[in-house]
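What follows is a single structure, written as structure tokens, with notes after it.
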Amino acid sequence: MTATVVDTHAADHDDHDHGPTKGIKRWLFSTNHKDIGTMYLIFSLIMFFTGGAMAMVIRSELAVPGLQFVHPEFFNQMTTMHALIMVFGAVMPAFVGLANWMIPLMIGAPDMALPRMNNWSFWILPVAFGLLGATLFFPGGAPAGGWTMYPPLVLQTGDAFPFLIFAVHLMGLSSIMGAINVIVTIINMRAPDMTLLKMPMFVWTWLITAYLLIAVMPVLAGAVTMLLTDQFFGTSFFLAAGGGDPVMFQHIFWFFGHPEVYIMILPAFGVVSEIIPTFARKKLFGHDSMVYAASCIAFLSFIVWAHHMFTVGMPLTGQLFFMFATMLIAVPTGVKVFNWVATMWRGSMTFETPMLFSLGFVFLFTIGGFSGLMLAIQPADVQYHDTYFVVAHFHYVLVPGSVFAIMAGAYYWLPKWTGHMYNEKAGKLHFWMSTIFVNLTFFPMHFLGLAGMPRRIPDYSTQFTDFNTIASIGAIGFGLSQLIFVWILLTAKRGEKATDRVWEGSHGLEWTVPSPAPWHTFTTPPKARIASESFE
Amino acid sequence: MDELQRKKNIRRTTLLVSAVALAFFIGFIMMGVLRS
């Protein structure tokens with residue numbers, strides 16, 4: 001582990017030149033990375049519950065066969081909006097929030113390199129989701145063609161269509177600005193002797209994620225711009241009638257879409273790589289190999305996109321290439337899982353809430369990884385395609401994967417943010433309830449998919465009833481379990497006072513500043529040094 | 001590194017990364033133009 005420590009005097013404890021302004025102006029015009037990080041995290045929590053409420057509608061409708069509560073058109077709106085909100089509103093902003101809070105603290109920088117742009121990239125988000133959410137009240141309803149926005153279906157959206165496109169543009173703009181900020185900060189603002197390979201894993205995984213964002217978000221913007229011109233300006237990029245090619249949209253979309261998966265999982269790898277060494281009280285096994293593995297995953301993510309569209313028909317060589325390239329991703333991912341397990345090997349482990357969520361992540365994300373490997377096998381994918389097996393796969397990657405890592409990170413750094421220890425018993429209850437219900441929700445979906453139940457349908461044949469009922473009970477249980485997290489957050493300041501270091505095994509610059517972290521930190525660069533030997 | 005140099009570096013990195021993002025945006029639309 002190449003974490004760094006400093007003597008406590010290196011942190012800027014006594015900077016009292018000015019504090020935050022009072023009232024709403026503090027948040028509207030904030031250029032402070034901690035305030036902006038907090039706003040991102042709160043926004044993502046609101047979006048998590050909004051998208052979650054939509055998931056409840058979906059699972060309630062699917063609890064038993066037949067149409068119970070909603071019209072099929074509204075069901076399709078719910079699946080589309082749930083995905084867009086969870087991907088762009090919940091998971092991505094949550095990681096940007098963690099990045100805003102923690103990257104400057106971890107590298108010893110006073111703030112993000114471009115603080116005004118940081119403010120813009122946050123405040124664009126509520127506008128984007130305001131526009132998207134408003135479409136739910138339109139006469140024709142919200143977009144219902146799936147988050148993938150495939151033409152020609154998406155072109156039938158109606159009045160909501162331009163709102164969808166503009167919202168996606170704004171979300172992309174926000175992500176690109178956030179990514180530029182992360183790259184510029186990490187490249188230019190590190191403490192003097194913090195070389196690239198001495199950076200903590202969370203910083204490394206975010207740097208790689210930011211490069212992915214820079215490369216693929218403009219591609220999504222390009223794709224939806226072409227959709228817009230097809231709809232309103234008479235072009236035929238994707239319209240077969242005008243000589244265009246709808247399959248080209250799928251290629252462009254998934255050139256964005258597959259790296260997007262890694263955008264949502266690489267920072268999760270970073271969070272877990274910070275937490276496991278702390279609670280195993282050992283340095284991270286193979287720090288440099290973790291960096292190379294993350295870079296390797298990022299590179300491979302650009303050459304596997306067509307595995308999402310094996311059934312559109314492509315040459316055999318194409319199928320083979322995308323199949324083998326996809327399977328290759330298992331190698332660097334395996335390196336990561338091996339390194340986490342090796343870090344825990346013979347460690348003095350304790351199981352506080354952040355560690356529990358991290359362990360849950362390692363076990364359950366791996367299940368998602370393995371089902372991904374099954375989907376990568378082209379002849380098998382023809383059977384699995386568009387079934388609930390795919391739904392089970394990506395929810396295992398994103399819920400006990402990304403969401404568990406976000407929860408782990410929130411619990412891990414919460415005492416540093418609030419200055420108080422959270423309620424550990426409630427945290428553990430949150431973990432166990434979430435783990436039981438997440439498996440109850442998504443594991444049966446594997447069986448439904450293997451039995452042939454298609455995705456995105458509001459009704460189904462009666463032979464699928466039992467597993468669907470179990471999944472719906474699990475989903476409602478999972479949703480309710482998240483209220484424990486809200487209660488923990490609301491009572492976060494009632495706990496005992498947190499020390500600067502918070503956790504016995506913690507290491508790194510962020511633990512050298514007081515808890516709660518002062519409004520200004522590291523106004524003079526800290527003297528960092530390698531701390532590997534302190535774990536021997 | 002003095003503050004002036006750091007500011008220069010920040011500006012340079014920002015412009016470089018923004019240019020890459022713009023190139024991907026225009027590049028993919030151009031690909032669509034050439035294919036359709």
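Starting from 1 in every chain, residues are counted up; chains themselves are A, B, ... following the order of the structure tokens, and ligands are numbered from 1 as listed.
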Set the distance at 9 Å and use only C-alpha atoms: which residues neighbour segment 140-157 of chain A once local chain neighbours fewer than 6 positions away are removed? I'd like the list as a ChimeraX atom specification.
/A:73-84,132-134,164,224,227-228,230-231,238-240,246-247,249-250,253-254,257,456
Just the residues within 10 Å of segment 2-6 of chain B, please, counting only C-alpha atoms, with nothing from its chain fewer than 5 positions along; format it as a PyMOL selection string.
(chain A and resi 113+188-189) or (chain B and resi 11-12)
At a cut-off of 6 Å, can you tabulate as CSV every residue of chain B near chain A together with its closest atom pair and the distance in Å to one decimal, using only C-alpha atoms and ordering rows by chain then number?
residue,atom,partner,partner_atom,distance
B:Thr13,CA,A:Val184,CA,5.9
B:Ala21,CA,A:Ile214,CA,5.3
B:Phe24,CA,A:Pro218,CA,5.8
B:Phe25,CA,A:Pro218,CA,4.5
B:Ile29,CA,A:Gly222,CA,5.5
B:Ser36,CA,A:Gly244,CA,5.2
Find the spatial neighbours of Leu98 of chain A, counting only C-alpha atoms, within a cut-off of 8 Å - ignore same-chain residues fewer than 4 positions away - and output them as a list of chain:residue names.
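Residues meeting the cut-off are A:Gly37, A:Leu41, A:Ala94, A:Met102, A:Ile103, A:Gly409.
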Write down as a ChimeraX atom specification the residues belonging to segment 337-532 of chain A that are assigned alpha helix (DSSP H) by DSSP computed on the backbone.
/A:337-344,353-376,378-384,388-397,404-418,424-450,465-490
Can you tell me which residues surround Val391 of chain A at a distance of at most 12 Å, considering only C-alpha atoms, apart from same-chain residues fewer than 6 positions away, and format the answer as JSON, numbers by chain?
{"A": [79, 83, 368, 371, 372, 375, 384, 385, 397, 398, 399, 441, 442, 443, 444, 445, 446, 447, 448, 449, 450, 453, 454, 455, 456, 471]}
